[in-house]
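Data first, discussion second: the structure below is written as structure tokens.
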Amino acid sequence: MLDIANDIRSLSDFKRNTVALLDRLRETGSPLVLTVNGKAEVVVQDAAAYQCLLDRVETVEGIQRGLADVKAGRTKPAQQVFNRLRRKHGIPR
């Protein structure tokens, strides 16, 4: 969640305090919005937090694909799928 009081900094401030702000990014996982001439230009985020964001986006996209499949009728009854998996993997009933 963005904390407007602490997470918006000027690019000049970021350049002057890079080490401290990078430490803060790692500790909090919160991104920083960097401004140029008072306008938001760049978002800086630590790599772990960015990977977490990518994972969440991928999950949401997967759910959206699944919902689109349901809406388009591209589904099978669960019992049919379970039976096929049992046969494929030699799982007894």
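Scheme for the structure tokens: letters A, B, ... for chains in order shown; per-chain residue numbers from 1; ligand numbers from 1 in order shown.
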Leaving out Arg93 in chain A and any residue of its chain fewer than 5 positions from it, which residues lie within 12 Å of it when counting only C-alpha atoms, given as a ChimeraX atom specification? /A:79,82-87
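Taking CA of Leu22 in chain A and CA of Gln51 in chain A as endpoints, the distance between them is 16.4 Å.
Take the candidates A:Asp23, A:Glu61, A:Ser10, A:Thr18 and check each one against Gly38 in chain A using only C-alpha atoms; the shortest distance goes to A:Ser10.
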Quick check for you: according to DSSP on this backbone, which residues of chain A are classed as alpha helix (DSSP H)? Reply as a PyMOL selection string. chain A and resi 4-7+11-16+18-28+47-71+78-89
Distance query Asn6 in chain A at most 10 Å, only C-alpha atoms, self and fewer than 6 positions along chain excluded, as a list in words: Ser30, Leu32 and Val33 of chain A
Please indicate the distance in Å from CA of Ala5 in chain A to CA of Val44 in chain A, rounded to one decimal place. 16.0 Å
I need the residues in chain A that are strand (DSSP E or B) according to DSSP; give them as a VMD selection string. chain A and resid 8 to 10 32 to 36 39 to 44
Write a file of the just-selected residues containing N, CA, C and O atoms, as a PDB file, in the first residue's frame.
ATOM      1  N   ILE A   8       6.572   8.879  -1.754  1.00  0.00           N
ATOM      2  CA  ILE A   8       6.742   9.722  -2.933  1.00  0.00           C
ATOM      3  C   ILE A   8       7.944  10.623  -2.672  1.00  0.00           C
ATOM      4  O   ILE A   8       7.962  11.384  -1.707  1.00  0.00           O
ATOM      5  N   ARG A   9       8.939  10.483  -3.510  1.00  0.00           N
ATOM      6  CA  ARG A   9      10.180  11.238  -3.353  1.00  0.00           C
ATOM      7  C   ARG A   9      10.590  11.825  -4.689  1.00  0.00           C
ATOM      8  O   ARG A   9      10.263  11.289  -5.743  1.00  0.00           O
ATOM      9  N   SER A  10      11.350  12.887  -4.646  1.00  0.00           N
ATOM     10  CA  SER A  10      11.894  13.442  -5.884  1.00  0.00           C
ATOM     11  C   SER A  10      13.069  12.578  -6.341  1.00  0.00           C
ATOM     12  O   SER A  10      13.724  11.910  -5.534  1.00  0.00           O
ATOM     13  N   LEU A  32       8.600   2.994  -4.160  1.00  0.00           N
ATOM     14  CA  LEU A  32       8.748   4.448  -4.093  1.00  0.00           C
ATOM     15  C   LEU A  32       8.326   5.030  -5.435  1.00  0.00           C
ATOM     16  O   LEU A  32       8.686   4.500  -6.485  1.00  0.00           O
ATOM     17  N   VAL A  33       7.586   6.106  -5.384  1.00  0.00           N
ATOM     18  CA  VAL A  33       7.246   6.857  -6.586  1.00  0.00           C
ATOM     19  C   VAL A  33       8.221   8.021  -6.646  1.00  0.00           C
ATOM     20  O   VAL A  33       8.321   8.809  -5.699  1.00  0.00           O
ATOM     21  N   LEU A  34       8.962   8.092  -7.746  1.00  0.00           N
ATOM     22  CA  LEU A  34       9.934   9.178  -7.905  1.00  0.00           C
ATOM     23  C   LEU A  34       9.352  10.219  -8.842  1.00  0.00           C
ATOM     24  O   LEU A  34       8.786   9.893  -9.887  1.00  0.00           O
ATOM     25  N   THR A  35       9.521  11.469  -8.452  1.00  0.00           N
ATOM     26  CA  THR A  35       8.969  12.570  -9.233  1.00  0.00           C
ATOM     27  C   THR A  35      10.079  13.368  -9.902  1.00  0.00           C
ATOM     28  O   THR A  35      11.202  13.442  -9.413  1.00  0.00           O
ATOM     29  N   VAL A  36       9.723  13.965 -11.026  1.00  0.00           N
ATOM     30  CA  VAL A  36      10.588  14.911 -11.722  1.00  0.00           C
ATOM     31  C   VAL A  36       9.727  16.146 -11.948  1.00  0.00           C
ATOM     32  O   VAL A  36       8.645  16.059 -12.525  1.00  0.00           O
ATOM     33  N   LYS A  39       6.098  15.819 -10.864  1.00  0.00           N
ATOM     34  CA  LYS A  39       5.213  14.883 -11.555  1.00  0.00           C
ATOM     35  C   LYS A  39       5.758  13.462 -11.399  1.00  0.00           C
ATOM     36  O   LYS A  39       6.949  13.216 -11.580  1.00  0.00           O
ATOM     37  N   ALA A  40       4.888  12.506 -11.071  1.00  0.00           N
ATOM     38  CA  ALA A  40       5.305  11.113 -10.927  1.00  0.00           C
ATOM     39  C   ALA A  40       5.854  10.621 -12.260  1.00  0.00           C
ATOM     40  O   ALA A  40       5.218  10.747 -13.299  1.00  0.00           O
ATOM     41  N   GLU A  41       7.068  10.061 -12.220  1.00  0.00           N
ATOM     42  CA  GLU A  41       7.732   9.597 -13.440  1.00  0.00           C
ATOM     43  C   GLU A  41       8.126   8.128 -13.379  1.00  0.00           C
ATOM     44  O   GLU A  41       8.079   7.435 -14.378  1.00  0.00           O
ATOM     45  N   VAL A  42       8.553   7.653 -12.200  1.00  0.00           N
ATOM     46  CA  VAL A  42       9.114   6.314 -12.093  1.00  0.00           C
ATOM     47  C   VAL A  42       8.670   5.681 -10.776  1.00  0.00           C
ATOM     48  O   VAL A  42       8.556   6.365  -9.768  1.00  0.00           O
ATOM     49  N   VAL A  43       8.457   4.365 -10.828  1.00  0.00           N
ATOM     50  CA  VAL A  43       8.208   3.609  -9.606  1.00  0.00           C
ATOM     51  C   VAL A  43       9.393   2.677  -9.406  1.00  0.00           C
ATOM     52  O   VAL A  43       9.766   1.938 -10.319  1.00  0.00           O
ATOM     53  N   VAL A  44       9.985   2.721  -8.222  1.00  0.00           N
ATOM     54  CA  VAL A  44      11.128   1.878  -7.881  1.00  0.00           C
ATOM     55  C   VAL A  44      10.667   0.878  -6.829  1.00  0.00           C
ATOM     56  O   VAL A  44      10.019   1.253  -5.852  1.00  0.00           O
TER      57      VAL A  44
END
Computed gap from CA of Gly62 in chain A to CA of Leu25 in chain A is 28.6 Å
